[in-house]
Amino acid sequence: MWRQRLCLGVTPTLGLAVEEQIALFAKTGFEAFFTGWDHGVPVEKYKGVGDELGLIYQSIHAPFHGKALAANMWLPGEVGRIAAGELCRCLEVCSENEIGIMVAHVYIGFEYEMPDEAVKACGLENFGIVADRAAELGVKVAFENTEGEEFLDVLMQGFKNHPAVGFCWDTGHEQCYNRGKDMCSLYGDKLVATHLNDNLGVYDFGGKTRPRDDLHLLPFDGITNWQSVADRLDACGFDGIMTFELKRASHAGRHDNDIYAQMSPEMYVAEAYKRACRVAAMRRG
């Protein structure tokens, strides 16, 4: 897009092989893509496909389950070190394939206590291993707002001046997991990546958040004020690739995204591109 690069994340909900998705993104007009990573994911192959099509491999999303369970990063001993090691390996894959950003969740789970000083110390130590490795490799690690925003704040304050640490702003998570709190005003000075998507907020009347609140709707299909999003991107001087993280399928037992499943992959990606262009056009910077 003129004056603004647009990126779309690959997703199994599209029903196409990753290589086919990358080709479809390029044909539709996106300038970049991102993928997740775990052991065995052929990042080098995806990078080659992107290079052939002229697409930028914008970032890799680090794993946050299994050995890399994000909650384990706040635990002492071997469990925490193993989780940190998984994130470091993901950073190495980024570096090997000239991918400049690794996005990472800092916590997972909805039932937790506020981090005390011992937990904070463990988190800073384990994530410090990751941040220092990122600096060695010349990769940015972008901590994303999810549930457990108190854990995110520990890291964003603790690594405020770390050259390899940045922030990834997920607009959908802001609406549900963060209950509409302006996360960009807190960490916009460290913004290096976005996960732009819409949402319907918190379903539960009492305010209890759950994974099914996270819908990743197309922009303008939820409650997000997209002019506010554009204005906040401008206010913090964000000049990176505008990256959208969207899902074509609903959570089990829900129907919020069902209308997208009625579209062909080509129609859905074309619609995603149109919505992305509308958001980009709202920016004044």
# chains A, B, ... in the order shown; residues from 1 in each chain; ligands from 1

$ select_by_dssp --residues "region 123-233 of chain A" --states "helix (DSSP H, G or I)" --output "PyMOL selection string"
chain A and resi 123-137+149-158+171-175+183-190+211-213+226-233

$ residues_around --residues "Gly188 (chain A)" --least-positions-apart "5" --cutoff "10 Å" --atoms "only C-alpha atoms" --output "compact mmCIF listing (two decimals) with N, CA and C atoms, in the first residue's frame"
# COMPACT_ATOMS: atom_id res chain seq x y z
N GLY A 166 11.23 -4.65 22.94
CA GLY A 166 10.19 -3.77 22.45
C GLY A 166 8.83 -4.28 22.87
N PHE A 167 7.81 -3.62 22.35
CA PHE A 167 6.41 -3.94 22.68
C PHE A 167 5.66 -4.30 21.42
N CYS A 168 4.81 -5.35 21.50
CA CYS A 168 3.88 -5.71 20.43
C CYS A 168 2.47 -5.43 20.93
N TRP A 169 1.78 -4.54 20.25
CA TRP A 169 0.44 -4.11 20.67
C TRP A 169 -0.61 -4.92 19.95
N ASP A 182 -5.70 1.44 27.79
CA ASP A 182 -4.86 1.95 26.69
C ASP A 182 -3.43 1.45 26.89
N MET A 183 -3.12 0.30 26.31
CA MET A 183 -1.79 -0.30 26.48
C MET A 183 -0.73 0.48 25.71
N ARG A 232 -3.28 6.66 17.84
CA ARG A 232 -2.28 6.24 18.82
C ARG A 232 -1.01 5.74 18.13
N LEU A 233 -1.16 5.07 17.00
CA LEU A 233 0.02 4.68 16.23
C LEU A 233 0.80 5.92 15.80
N ALA A 235 0.70 8.89 17.27
CA ALA A 235 1.20 9.61 18.44
C ALA A 235 2.52 9.05 18.94
N CYS A 236 2.69 7.73 18.82
CA CYS A 236 3.95 7.15 19.28
C CYS A 236 4.97 7.02 18.14
N GLY A 237 4.65 7.59 16.98
CA GLY A 237 5.61 7.63 15.88
C GLY A 237 5.91 6.29 15.27
N PHE A 238 4.95 5.37 15.31
CA PHE A 238 5.21 4.02 14.76
C PHE A 238 5.33 4.09 13.25

$ atom_distance --atom1 "CA of Leu6 (chain A)" --atom2 "CA of Met242 (chain A)"
5.0 Å

$ select_by_dssp --residues "region 158-245 of chain A" --states "strand (DSSP E or B)" --output "number ranges by chain"
A: 165-170, 191-196, 198, 217, 242-244

$ write_last_selection --atoms "N, CA and C atoms" --output "mmCIF file, in the first residue's frame"
data_model
loop_
_atom_site.group_PDB
_atom_site.id
_atom_site.type_symbol
_atom_site.label_atom_id
_atom_site.label_comp_id
_atom_site.auth_asym_id
_atom_site.auth_seq_id
_atom_site.Cartn_x
_atom_site.Cartn_y
_atom_site.Cartn_z
ATOM 1 N N VAL A 165 14.671 -5.003 23.577
ATOM 2 C CA VAL A 165 13.301 -5.241 24.052
ATOM 3 C C VAL A 165 12.350 -4.191 23.501
ATOM 4 N N GLY A 166 11.233 -4.653 22.942
ATOM 5 C CA GLY A 166 10.190 -3.771 22.448
ATOM 6 C C GLY A 166 8.826 -4.276 22.867
ATOM 7 N N PHE A 167 7.810 -3.624 22.349
ATOM 8 C CA PHE A 167 6.413 -3.935 22.682
ATOM 9 C C PHE A 167 5.661 -4.303 21.418
ATOM 10 N N CYS A 168 4.814 -5.349 21.499
ATOM 11 C CA CYS A 168 3.884 -5.705 20.430
ATOM 12 C C CYS A 168 2.475 -5.430 20.930
ATOM 13 N N TRP A 169 1.778 -4.540 20.253
ATOM 14 C CA TRP A 169 0.439 -4.109 20.672
ATOM 15 C C TRP A 169 -0.613 -4.923 19.951
ATOM 16 N N ASP A 170 -1.361 -5.726 20.723
ATOM 17 C CA ASP A 170 -2.478 -6.489 20.190
ATOM 18 C C ASP A 170 -3.769 -5.751 20.556
ATOM 19 N N LEU A 191 7.142 0.570 21.080
ATOM 20 C CA LEU A 191 6.368 -0.174 20.086
ATOM 21 C C LEU A 191 7.213 -0.520 18.863
ATOM 22 N N VAL A 192 7.313 -1.811 18.578
ATOM 23 C CA VAL A 192 8.055 -2.271 17.396
ATOM 24 C C VAL A 192 7.219 -3.178 16.503
ATOM 25 N N ALA A 193 6.037 -3.606 16.986
ATOM 26 C CA ALA A 193 5.207 -4.524 16.199
ATOM 27 C C ALA A 193 3.756 -4.373 16.622
ATOM 28 N N THR A 194 2.847 -4.737 15.718
ATOM 29 C CA THR A 194 1.424 -4.714 16.027
ATOM 30 C C THR A 194 0.782 -6.046 15.675
ATOM 31 N N HIS A 195 -0.256 -6.390 16.419
ATOM 32 C CA HIS A 195 -1.186 -7.450 16.049
ATOM 33 C C HIS A 195 -2.556 -6.788 16.041
ATOM 34 N N LEU A 196 -2.949 -6.281 14.885
ATOM 35 C CA LEU A 196 -4.180 -5.518 14.758
ATOM 36 C C LEU A 196 -5.342 -6.462 14.447
ATOM 37 N N ASP A 198 -9.924 -7.012 15.626
ATOM 38 C CA ASP A 198 -11.065 -6.481 16.364
ATOM 39 C C ASP A 198 -11.580 -7.507 17.369
ATOM 40 N N LEU A 217 -11.246 -10.802 15.136
ATOM 41 C CA LEU A 217 -12.167 -10.432 14.073
ATOM 42 C C LEU A 217 -11.504 -9.477 13.089
ATOM 43 N N MET A 242 2.481 -2.356 9.455
ATOM 44 C CA MET A 242 1.197 -2.560 10.132
ATOM 45 C C MET A 242 0.778 -4.021 9.943
ATOM 46 N N THR A 243 0.815 -4.760 11.032
ATOM 47 C CA THR A 243 0.624 -6.206 10.988
ATOM 48 C C THR A 243 -0.719 -6.580 11.580
ATOM 49 N N PHE A 244 -1.468 -7.406 10.838
ATOM 50 C CA PHE A 244 -2.801 -7.842 11.247
ATOM 51 C C PHE A 244 -2.756 -9.334 11.578
#

$ closest_residue --among "A:Val93, A:Arg248, A:Gln262, A:Phe110" --to "Val10 (chain A)" --atoms "only C-alpha atoms"
A:Arg248

$ closest_residue --among "A:Pro42, A:Gly9, A:Arg283, A:Ala17" --to "Asp234 (chain A)" --atoms "only C-alpha atoms"
A:Arg283

$ residues_around --residues "His251 (chain A)" --least-positions-apart "6" --cutoff "12 Å" --atoms "only C-alpha atoms" --output "list in words"
Thr13, Arg210, Pro211, Arg212, Asp213, Asp214, Leu215, His216, Leu217, Asn257 and Asp258 of chain A

$ residues_around --residues "Lys120 (chain A)" --least-positions-apart "3" --cutoff "9 Å" --atoms "only C-alpha atoms" --output "list in words"
Trp74, Pro115, Asp116, Glu117, Gly123, Leu124, Glu125, Phe151, Val154 and Leu155 of chain A

$ write_last_selection --atoms "C-alpha atoms" --output "short mmCIF file (atom, residue, chain, number, x, y, z; two decimals), in the first residue's frame"
data_model
loop_
_atom_site.label_atom_id
_atom_site.label_comp_id
_atom_site.auth_asym_id
_atom_site.auth_seq_id
_atom_site.Cartn_x
_atom_site.Cartn_y
_atom_site.Cartn_z
CA TRP A 74 8.37 -16.89 36.10
CA PRO A 115 3.62 -11.36 41.10
CA ASP A 116 5.52 -10.90 44.35
CA GLU A 117 9.17 -9.90 44.56
CA GLY A 123 10.85 -13.47 35.50
CA LEU A 124 13.45 -10.78 35.09
CA GLU A 125 16.23 -13.35 35.28
CA PHE A 151 3.63 -9.56 34.39
CA VAL A 154 7.31 -6.03 35.30
CA LEU A 155 9.23 -6.69 32.09
#

$ residues_around --residues "Phe64 (chain A)" --least-positions-apart "3" --cutoff "8 Å" --atoms "only C-alpha atoms" --output "list of chain:residue names"
A:Ala68, A:Leu69, A:Ala70, A:Ala104, A:His105, A:Ile108

$ closest_residue --among "A:Asn178, A:Leu186, A:Ala252, A:Glu245" --to "Phe33 (chain A)" --atoms "only C-alpha atoms"
A:Glu245

$ residues_around --residues "Ala62 (chain A)" --least-positions-apart "4" --cutoff "9 Å" --atoms "only C-alpha atoms" --output "mmCIF file with C-alpha atoms, in the first residue's frame"
data_model
loop_
_atom_site.group_PDB
_atom_site.id
_atom_site.type_symbol
_atom_site.label_atom_id
_atom_site.label_comp_id
_atom_site.auth_asym_id
_atom_site.auth_seq_id
_atom_site.Cartn_x
_atom_site.Cartn_y
_atom_site.Cartn_z
ATOM 1 C CA GLY A 36 4.615 -19.006 14.404
ATOM 2 C CA TRP A 37 7.519 -21.271 15.269
ATOM 3 C CA ASP A 38 8.126 -24.555 17.006
ATOM 4 C CA ALA A 68 8.119 -22.855 26.282
ATOM 5 C CA GLU A 86 13.145 -22.466 23.880
ATOM 6 C CA LEU A 87 12.709 -18.740 23.310
ATOM 7 C CA CYS A 90 13.396 -19.217 18.377
ATOM 8 C CA LEU A 91 15.570 -16.090 18.371
ATOM 9 C CA MET A 102 10.325 -12.247 17.658
ATOM 10 C CA VAL A 103 6.952 -11.676 19.345
ATOM 11 C CA ALA A 104 6.553 -13.343 22.736
ATOM 12 C CA HIS A 105 3.767 -13.773 25.258
#

$ atom_distance --atom1 "CA of Gly100 (chain A)" --atom2 "CA of Ile60 (chain A)"
8.7 Å

$ closest_residue --among "A:Cys176, A:Ala131, A:Ala26, A:Cys122" --to "His162 (chain A)" --atoms "only C-alpha atoms"
A:Ala131

$ closest_residue --among "A:Thr11, A:Thr209, A:Thr35, A:Asn145" --to "Gln58 (chain A)" --atoms "only C-alpha atoms"
A:Thr35

$ residues_around --residues "region 265-281 of chain A" --least-positions-apart "2" --cutoff "8 Å" --atoms "only C-alpha atoms" --output "ChimeraX atom specification"
/A:1,4,6,14-16,24-25,28-30,218-220,226-227,230,242,244,248,260,263,283-284
